[in-house]
$ cat model-v3.cif   # mmCIF, C-alpha atoms and all ligand atoms
data_input
#
loop_
_atom_site.label_atom_id
_atom_site.label_comp_id
_atom_site.auth_asym_id
_atom_site.auth_seq_id
_atom_site.Cartn_x
_atom_site.Cartn_y
_atom_site.Cartn_z
CA MET X 1 71.70 121.10 -23.01
CA GLN X 2 71.12 117.38 -22.74
CA ILE X 3 70.34 115.55 -19.52
CA ALA X 4 73.53 114.03 -18.13
CA LYS X 5 74.94 113.37 -14.70
CA ASN X 6 74.91 116.54 -12.55
CA ALA X 7 72.21 118.28 -14.60
CA VAL X 8 69.37 119.98 -12.73
CA VAL X 9 66.22 118.88 -14.52
CA HIS X 10 62.65 120.18 -14.31
CA ILE X 11 60.00 117.70 -15.47
CA HIS X 12 56.27 117.37 -15.60
CA TYR X 13 55.24 113.78 -15.11
CA THR X 14 52.33 111.42 -14.64
CA LEU X 15 52.81 108.01 -13.06
CA LYS X 16 50.28 105.25 -13.73
CA ASN X 17 50.07 101.62 -12.67
CA ASP X 18 49.31 98.61 -14.88
CA ALA X 19 45.59 99.28 -14.52
CA GLY X 20 46.04 102.79 -15.92
CA GLU X 21 45.23 104.50 -12.61
CA VAL X 22 47.12 107.72 -11.93
CA LEU X 23 49.31 107.21 -8.84
CA ASP X 24 51.11 110.52 -8.90
CA SER X 25 51.37 113.55 -11.15
CA SER X 26 52.83 117.04 -11.26
CA ASP X 27 49.74 118.15 -13.20
CA GLY X 28 48.41 121.41 -11.84
CA SER X 29 51.50 122.12 -9.75
CA ASP X 30 55.10 123.15 -10.33
CA PRO X 31 57.40 120.77 -12.20
CA LEU X 32 59.42 118.24 -10.24
CA VAL X 33 63.05 119.39 -9.97
CA TYR X 34 65.82 116.86 -9.43
CA LEU X 35 69.55 116.30 -9.80
CA GLN X 36 70.38 113.69 -12.44
CA GLY X 37 72.68 110.83 -11.43
CA HIS X 38 72.31 111.13 -7.65
CA GLY X 39 69.52 108.66 -6.98
CA ASN X 40 66.89 111.40 -6.57
CA LEU X 41 64.57 109.42 -8.88
CA VAL X 42 64.12 105.69 -9.33
CA VAL X 43 67.00 104.32 -11.38
CA GLY X 44 64.88 103.29 -14.40
CA LEU X 45 63.53 106.80 -14.83
CA GLU X 46 66.96 108.42 -14.60
CA LYS X 47 68.18 105.98 -17.26
CA ALA X 48 65.28 106.83 -19.57
CA LEU X 49 65.89 110.57 -19.17
CA GLU X 50 69.63 110.44 -19.82
CA GLY X 51 70.45 112.28 -23.08
CA LYS X 52 67.01 113.93 -23.43
CA LYS X 53 66.61 117.71 -23.78
CA VAL X 54 64.12 120.52 -23.14
CA GLY X 55 60.87 119.98 -25.03
CA ASP X 56 61.30 116.21 -25.30
CA SER X 57 58.54 114.03 -23.96
CA LEU X 58 58.63 110.33 -23.39
CA SER X 59 56.62 107.41 -22.11
CA VAL X 60 58.48 104.69 -20.30
CA SER X 61 57.51 101.54 -18.42
CA ILE X 62 59.86 100.63 -15.59
CA PRO X 63 59.99 97.14 -14.05
CA PRO X 64 60.02 96.83 -10.23
CA GLU X 65 63.75 95.99 -10.26
CA GLU X 66 64.48 99.50 -11.56
CA GLY X 67 61.58 101.09 -9.73
CA TYR X 68 60.62 100.67 -6.09
CA GLY X 69 61.90 97.13 -5.79
CA VAL X 70 60.55 93.61 -5.60
CA ARG X 71 58.47 92.81 -2.54
CA ASN X 72 60.62 91.22 0.16
CA THR X 73 58.65 89.19 2.70
CA ASP X 74 61.52 89.56 5.20
CA LEU X 75 60.42 93.18 5.55
CA ILE X 76 56.97 92.18 6.83
CA GLN X 77 57.12 91.85 10.61
CA ASP X 78 54.82 91.34 13.56
CA VAL X 79 55.65 93.83 16.29
CA PRO X 80 54.26 93.88 19.84
CA ARG X 81 51.83 96.71 20.44
CA SER X 82 54.08 97.88 23.29
CA ALA X 83 56.61 98.98 20.66
CA PHE X 84 54.20 101.77 19.71
CA GLU X 85 54.19 103.39 23.12
CA GLY X 86 52.96 106.98 22.89
CA VAL X 87 50.85 106.38 19.77
CA PRO X 88 47.24 106.69 20.97
CA LYS X 89 45.57 104.86 18.07
CA ILE X 90 47.23 102.58 15.55
CA GLU X 91 45.43 102.12 12.25
CA VAL X 92 46.10 100.29 9.00
CA GLY X 93 47.90 102.60 6.58
CA MET X 94 49.80 104.60 9.21
CA GLN X 95 53.51 104.99 8.49
CA PHE X 96 56.41 105.01 10.92
CA HIS X 97 60.16 105.30 10.70
CA ALA X 98 61.81 102.19 12.06
CA ASP X 99 65.19 100.53 12.28
CA SER X 100 65.14 97.17 10.52
CA ASN X 101 67.67 94.49 9.62
CA HIS X 102 67.97 96.39 6.34
CA GLY X 103 68.67 99.79 7.90
CA PRO X 104 66.27 102.66 8.59
CA ARG X 105 63.05 102.43 6.62
CA THR X 106 59.54 103.71 6.45
CA VAL X 107 57.13 100.96 7.44
CA THR X 108 53.40 100.85 6.84
CA VAL X 109 50.92 99.26 9.24
CA THR X 110 49.09 96.51 7.35
CA LYS X 111 47.24 94.69 10.14
CA VAL X 112 46.19 95.57 13.69
CA ALA X 113 45.40 92.83 16.20
CA ASP X 114 44.98 93.02 19.99
CA ASP X 115 48.61 92.55 20.94
CA THR X 116 50.36 92.47 17.61
CA ILE X 117 50.80 95.03 14.88
CA THR X 118 51.93 93.88 11.44
CA VAL X 119 54.17 96.33 9.62
CA ASP X 120 55.49 96.17 6.06
CA GLY X 121 58.82 97.81 5.22
CA ASN X 122 58.39 97.39 1.48
CA HIS X 123 57.79 100.53 -0.55
CA PRO X 124 54.05 100.92 -1.23
CA LEU X 125 54.87 100.67 -4.96
CA ALA X 126 57.09 97.58 -4.63
CA ASP X 127 56.32 94.90 -7.24
CA GLN X 128 54.62 97.43 -9.50
CA THR X 129 55.57 98.27 -13.04
CA LEU X 130 55.69 102.06 -13.22
CA HIS X 131 54.33 103.75 -16.33
CA PHE X 132 55.68 107.29 -16.57
CA ALA X 133 54.77 109.99 -19.08
CA VAL X 134 57.37 112.75 -18.78
CA GLU X 135 57.90 116.15 -20.39
CA ILE X 136 61.22 117.92 -19.93
CA VAL X 137 60.70 121.57 -19.03
CA GLU X 138 64.18 122.84 -18.16
CA VAL X 139 67.74 121.56 -17.93
CA ARG X 140 70.68 123.39 -16.41
CA GLN X 141 74.06 122.63 -14.91
CA ALA X 142 74.10 122.19 -11.14
CA SER X 143 76.10 124.57 -8.95
CA LYS X 144 79.11 123.32 -6.98
CA GLU X 145 77.10 123.65 -3.79
CA GLU X 146 74.22 121.58 -5.17
CA LEU X 147 76.64 118.87 -6.25
CA SER X 148 78.27 118.70 -2.83
CA HIS X 149 74.82 118.31 -1.23
CA GLY X 150 73.52 115.85 -3.82
CA HIS X 151 70.26 117.75 -4.33
CA VAL X 152 68.82 120.85 -5.98
CA HIS X 153 68.53 124.24 -4.25
CA GLY X 154 66.00 126.99 -4.86
CA PRO X 155 62.49 126.72 -6.34
CA GLY X 156 61.33 123.10 -6.29
CA GLY X 157 64.40 122.03 -4.32
CA HIS X 158 65.85 122.43 -0.85
CA HIS X 159 65.82 125.78 0.94
CA HIS X 160 68.52 125.98 3.57
ZN ZN X 201 71.60 121.46 0.12
#
$ encode --input "model-v3.cif" --output "structure tokens"
Amino acid sequence: MQIAKNAVVHIHYTLKNDAGEVLDSSDGSDPLVYLQGHGNLVVGLEKALEGKKVGDSLSVSIPPEEGYGVRNTDLIQDVPRSAFEGVPKIEVGMQFHADSNHGPRTVTVTKVADDTITVDGNHPLADQTLHFAVEIVEVRQASKEELSHGHVHGPGGHHH
């Protein structure tokens, strides 16, 4: 069976940046399982996988526009320290969920000053070209229930 919309796909993958550093990989763990055509993966990777089948492997480079986006400076904000009430120690690299002008997002602390905390709502991999090496391990049709939820159930997916 070929990968098409509504297929449940198991892949092994390695993600590298332009410098060739490994950012993420399924190496040594179970394959990543996702539902094709539901935005579970970045759009460029879903496009590259469309039509592939079990046993295929591919290398693909995905520009930021089809990956984690282009850095948007509007998403970098200075927030008063008082907004972090209840957080005993704020450090660079900590992540919080926040409501922004662009809807709910995960923001990362990038600078800590006495009264002001700078947070960045861009994805940590914004502006990066993503270099994926992917091997397709399994492809099956999704169940009706999986399709109504928009994600995969069972091993590697949601349990509920
Ligand atoms: Zn579900």
$ atom_distance --input "model-v3.cif" --atom1 "atom CA of Leu49 of chain X" --atom2 "atom CA of Ser143 of chain X"
20.1 Å
$ residues_near_ligand --input "model-v3.cif" --ligand "ligand ZN 201 (chain X)" --cutoff "9 Å" --atoms "only C-alpha atoms and all ligand atoms" --output "PDB file with C-alpha atoms, keeping the file's coordinate frame"
ATOM      1  CA  GLU X 145      77.100 123.650  -3.790  1.00  0.00           C
ATOM      2  CA  GLU X 146      74.220 121.580  -5.170  1.00  0.00           C
ATOM      3  CA  LEU X 147      76.640 118.870  -6.250  1.00  0.00           C
ATOM      4  CA  SER X 148      78.270 118.700  -2.830  1.00  0.00           C
ATOM      5  CA  HIS X 149      74.820 118.310  -1.230  1.00  0.00           C
ATOM      6  CA  GLY X 150      73.520 115.850  -3.820  1.00  0.00           C
ATOM      7  CA  HIS X 151      70.260 117.750  -4.330  1.00  0.00           C
ATOM      8  CA  VAL X 152      68.820 120.850  -5.980  1.00  0.00           C
ATOM      9  CA  HIS X 153      68.530 124.240  -4.250  1.00  0.00           C
ATOM     10  CA  GLY X 157      64.400 122.030  -4.320  1.00  0.00           C
ATOM     11  CA  HIS X 158      65.850 122.430  -0.850  1.00  0.00           C
ATOM     12  CA  HIS X 159      65.820 125.780   0.940  1.00  0.00           C
ATOM     13  CA  HIS X 160      68.520 125.980   3.570  1.00  0.00           C
TER      14      HIS X 160
END
$ closest_residue --input "model-v3.cif" --among "X:Val9, X:Val42, X:Leu15, X:Ile117" --to "Lys89 of chain X" --atoms "only C-alpha atoms"
X:Ile117
$ closest_residue --input "model-v3.cif" --among "X:Pro31, X:Gly93, X:Gly44, X:Gly86" --to "Gly156 of chain X" --atoms "all atoms listed in the file"
X:Pro31
$ closest_residue --input "model-v3.cif" --among "X:Ala7, X:Ala19, X:Leu58, X:Val70" --to "Asn40 of chain X" --atoms "all atoms listed in the file"
X:Ala7
$ residues_near_point --input "model-v3.cif" --point "(53.3, 99.9, 12.6)" --cutoff "10 Å" --atoms "only C-alpha atoms" --output "PyMOL selection string"
chain X and resi 77-81+83-84+87+90-98+106-112+116-121
$ closest_residue --input "model-v3.cif" --among "X:Glu46, X:Ala126, X:Leu75, X:Met1" --to "Pro104 of chain X" --atoms "all atoms listed in the file"
X:Leu75
